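Here's the structure we're looking at; comments come further down.
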Amino acid sequence: MRPLKDYSFIRGVNHRMGERDQTVRELSYAKRIGLNSIRFWMNYREYEKAPAEYLAKIKGFVQLCHE
């Protein structure tokens, strides 16, 4: 795949994963204003404490974003 010449169609935000209800609310705001990209921050220390739970949290966040 070749790089695009124009990426101006990408409208996004940086996001920290939080509680589900808050994330759903914030994603609805993002949709209303036309955002189509999210970069989220991952916390390595949180992952180290409970890897399986943290990966499940990431999976849930990505699924919410996809919806």
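Please note that chains go A, B, ... in the order of the structure tokens, that every chain numbers its residues from 1, and that ligands are numbered from 1 in the order shown.
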
Original post:
Do you know which residues are at most 12 Å from range 17-27 of chain A counting only C-alpha atoms, after dropping those on the same chain fewer than 5 positions away, and could you put them as a list in words?
Top reply: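 Once the adjacent positions are removed, what remains is Gly12, Arg32, Ile33, Gly34, Leu35, Asn36, Ser37, Ile38, Arg39, Phe40, Trp41, Met42, Asn43, Glu46, Tyr54, Leu55, Ala56, Lys57, Ile58, Lys59, Gly60, Phe61, Val62, Gln63, Leu64, Cys65, His66 and Glu67 of chain A.
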
**OP:** Identify, with DSSP run on backbone atoms, the residues in chain A assigned to strand (DSSP E or B), and express the list as number ranges by chain.
**Re:** A: 12-16, 37-41

Write out, as a PDB file, in the first residue's frame, the residues just selected, with all heavy atoms.
```pdb
ATOM      1  N   GLY A  12      -9.403  13.653  14.366  1.00  0.00           N
ATOM      2  CA  GLY A  12      -9.356  12.800  15.536  1.00  0.00           C
ATOM      3  C   GLY A  12      -8.930  13.485  16.806  1.00  0.00           C
ATOM      4  O   GLY A  12      -8.666  14.691  16.837  1.00  0.00           O
ATOM      5  N   VAL A  13      -8.870  12.664  17.851  1.00  0.00           N
ATOM      6  CA  VAL A  13      -8.509  13.131  19.178  1.00  0.00           C
ATOM      7  C   VAL A  13      -7.619  12.100  19.858  1.00  0.00           C
ATOM      8  O   VAL A  13      -7.548  10.953  19.455  1.00  0.00           O
ATOM      9  CB  VAL A  13      -9.759  13.356  20.068  1.00  0.00           C
ATOM     10  CG1 VAL A  13     -10.607  14.478  19.548  1.00  0.00           C
ATOM     11  CG2 VAL A  13     -10.561  12.084  20.211  1.00  0.00           C
ATOM     12  N   ASN A  14      -6.952  12.545  20.907  1.00  0.00           N
ATOM     13  CA  ASN A  14      -6.256  11.649  21.823  1.00  0.00           C
ATOM     14  C   ASN A  14      -7.227  11.346  22.956  1.00  0.00           C
ATOM     15  O   ASN A  14      -7.976  12.213  23.389  1.00  0.00           O
ATOM     16  CB  ASN A  14      -5.009  12.313  22.401  1.00  0.00           C
ATOM     17  CG  ASN A  14      -3.986  12.601  21.333  1.00  0.00           C
ATOM     18  OD1 ASN A  14      -3.816  11.849  20.389  1.00  0.00           O
ATOM     19  ND2 ASN A  14      -3.304  13.712  21.475  1.00  0.00           N
ATOM     20  N   HIS A  15      -7.200  10.114  23.439  1.00  0.00           N
ATOM     21  CA  HIS A  15      -8.185   9.719  24.453  1.00  0.00           C
ATOM     22  C   HIS A  15      -7.540   8.786  25.461  1.00  0.00           C
ATOM     23  O   HIS A  15      -6.713   7.959  25.112  1.00  0.00           O
ATOM     24  CB  HIS A  15      -9.351   9.003  23.766  1.00  0.00           C
ATOM     25  CG  HIS A  15     -10.558   8.854  24.614  1.00  0.00           C
ATOM     26  ND1 HIS A  15     -10.697   7.841  25.523  1.00  0.00           N
ATOM     27  CD2 HIS A  15     -11.685   9.584  24.701  1.00  0.00           C
ATOM     28  CE1 HIS A  15     -11.863   7.949  26.123  1.00  0.00           C
ATOM     29  NE2 HIS A  15     -12.485   9.015  25.645  1.00  0.00           N
ATOM     30  N   ARG A  16      -7.949   8.912  26.709  1.00  0.00           N
ATOM     31  CA  ARG A  16      -7.548   7.958  27.754  1.00  0.00           C
ATOM     32  C   ARG A  16      -8.756   7.080  28.059  1.00  0.00           C
ATOM     33  O   ARG A  16      -9.858   7.584  28.244  1.00  0.00           O
ATOM     34  CB  ARG A  16      -7.119   8.682  29.024  1.00  0.00           C
ATOM     35  CG  ARG A  16      -5.829   9.423  28.863  1.00  0.00           C
ATOM     36  CD  ARG A  16      -5.362   9.952  30.213  1.00  0.00           C
ATOM     37  NE  ARG A  16      -4.227  10.829  30.041  1.00  0.00           N
ATOM     38  CZ  ARG A  16      -2.965  10.410  30.054  1.00  0.00           C
ATOM     39  NH1 ARG A  16      -2.690   9.151  30.246  1.00  0.00           N
ATOM     40  NH2 ARG A  16      -1.975  11.266  29.886  1.00  0.00           N
ATOM     41  N   SER A  37     -11.267   9.349  13.960  1.00  0.00           N
ATOM     42  CA  SER A  37     -10.020   8.710  14.377  1.00  0.00           C
ATOM     43  C   SER A  37      -9.776   8.967  15.860  1.00  0.00           C
ATOM     44  O   SER A  37     -10.014  10.068  16.345  1.00  0.00           O
ATOM     45  CB  SER A  37      -8.859   9.283  13.553  1.00  0.00           C
ATOM     46  OG  SER A  37      -7.640   8.736  13.968  1.00  0.00           O
ATOM     47  N   ILE A  38      -9.330   7.916  16.560  1.00  0.00           N
ATOM     48  CA  ILE A  38      -8.994   8.061  17.975  1.00  0.00           C
ATOM     49  C   ILE A  38      -7.652   7.404  18.228  1.00  0.00           C
ATOM     50  O   ILE A  38      -7.419   6.270  17.821  1.00  0.00           O
ATOM     51  CB  ILE A  38     -10.052   7.418  18.885  1.00  0.00           C
ATOM     52  CG1 ILE A  38     -11.374   8.170  18.779  1.00  0.00           C
ATOM     53  CG2 ILE A  38      -9.584   7.385  20.332  1.00  0.00           C
ATOM     54  CD1 ILE A  38     -12.479   7.587  19.609  1.00  0.00           C
ATOM     55  N   ARG A  39      -6.790   8.129  18.886  1.00  0.00           N
ATOM     56  CA  ARG A  39      -5.527   7.559  19.369  1.00  0.00           C
ATOM     57  C   ARG A  39      -5.670   7.488  20.876  1.00  0.00           C
ATOM     58  O   ARG A  39      -5.951   8.483  21.529  1.00  0.00           O
ATOM     59  CB  ARG A  39      -4.337   8.442  18.984  1.00  0.00           C
ATOM     60  CG  ARG A  39      -3.035   7.914  19.543  1.00  0.00           C
ATOM     61  CD  ARG A  39      -1.847   8.675  19.033  1.00  0.00           C
ATOM     62  NE  ARG A  39      -1.949  10.096  19.327  1.00  0.00           N
ATOM     63  CZ  ARG A  39      -1.056  10.986  18.921  1.00  0.00           C
ATOM     64  NH1 ARG A  39      -0.025  10.615  18.199  1.00  0.00           N
ATOM     65  NH2 ARG A  39      -1.204  12.253  19.228  1.00  0.00           N
ATOM     66  N   PHE A  40      -5.491   6.293  21.433  1.00  0.00           N
ATOM     67  CA  PHE A  40      -5.669   6.165  22.874  1.00  0.00           C
ATOM     68  C   PHE A  40      -4.355   5.801  23.539  1.00  0.00           C
ATOM     69  O   PHE A  40      -3.487   5.165  22.947  1.00  0.00           O
ATOM     70  CB  PHE A  40      -6.783   5.172  23.235  1.00  0.00           C
ATOM     71  CG  PHE A  40      -6.531   3.762  22.806  1.00  0.00           C
ATOM     72  CD1 PHE A  40      -5.979   2.851  23.686  1.00  0.00           C
ATOM     73  CD2 PHE A  40      -6.868   3.349  21.537  1.00  0.00           C
ATOM     74  CE1 PHE A  40      -5.758   1.542  23.310  1.00  0.00           C
ATOM     75  CE2 PHE A  40      -6.655   2.038  21.148  1.00  0.00           C
ATOM     76  CZ  PHE A  40      -6.096   1.137  22.028  1.00  0.00           C
ATOM     77  N   TRP A  41      -4.238   6.238  24.775  1.00  0.00           N
ATOM     78  CA  TRP A  41      -3.018   6.024  25.553  1.00  0.00           C
ATOM     79  C   TRP A  41      -3.131   4.731  26.335  1.00  0.00           C
ATOM     80  O   TRP A  41      -4.152   4.428  26.920  1.00  0.00           O
ATOM     81  CB  TRP A  41      -2.786   7.194  26.509  1.00  0.00           C
ATOM     82  CG  TRP A  41      -2.704   8.491  25.797  1.00  0.00           C
ATOM     83  CD1 TRP A  41      -3.627   9.496  25.834  1.00  0.00           C
ATOM     84  CD2 TRP A  41      -1.688   8.916  24.900  1.00  0.00           C
ATOM     85  NE1 TRP A  41      -3.233  10.528  25.031  1.00  0.00           N
ATOM     86  CE2 TRP A  41      -2.046  10.193  24.436  1.00  0.00           C
ATOM     87  CE3 TRP A  41      -0.514   8.342  24.427  1.00  0.00           C
ATOM     88  CZ2 TRP A  41      -1.278  10.912  23.531  1.00  0.00           C
ATOM     89  CZ3 TRP A  41       0.258   9.059  23.538  1.00  0.00           C
ATOM     90  CH2 TRP A  41      -0.115  10.326  23.096  1.00  0.00           C
TER      91      TRP A  41
END
```

**OP:** Please report, as a PyMOL selection string, each residue of chain A to which DSSP assigns alpha helix (DSSP H) when run on this structure's backbone.
**Re:** chain A and resi 20-32+44-49+51-66

Original post:
What is the distance between CA of Ala30 in chain A and CA of Asp6 in chain A, in Å to one decimal?
Top reply: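 Interatomic distance here is 21.9 Å.
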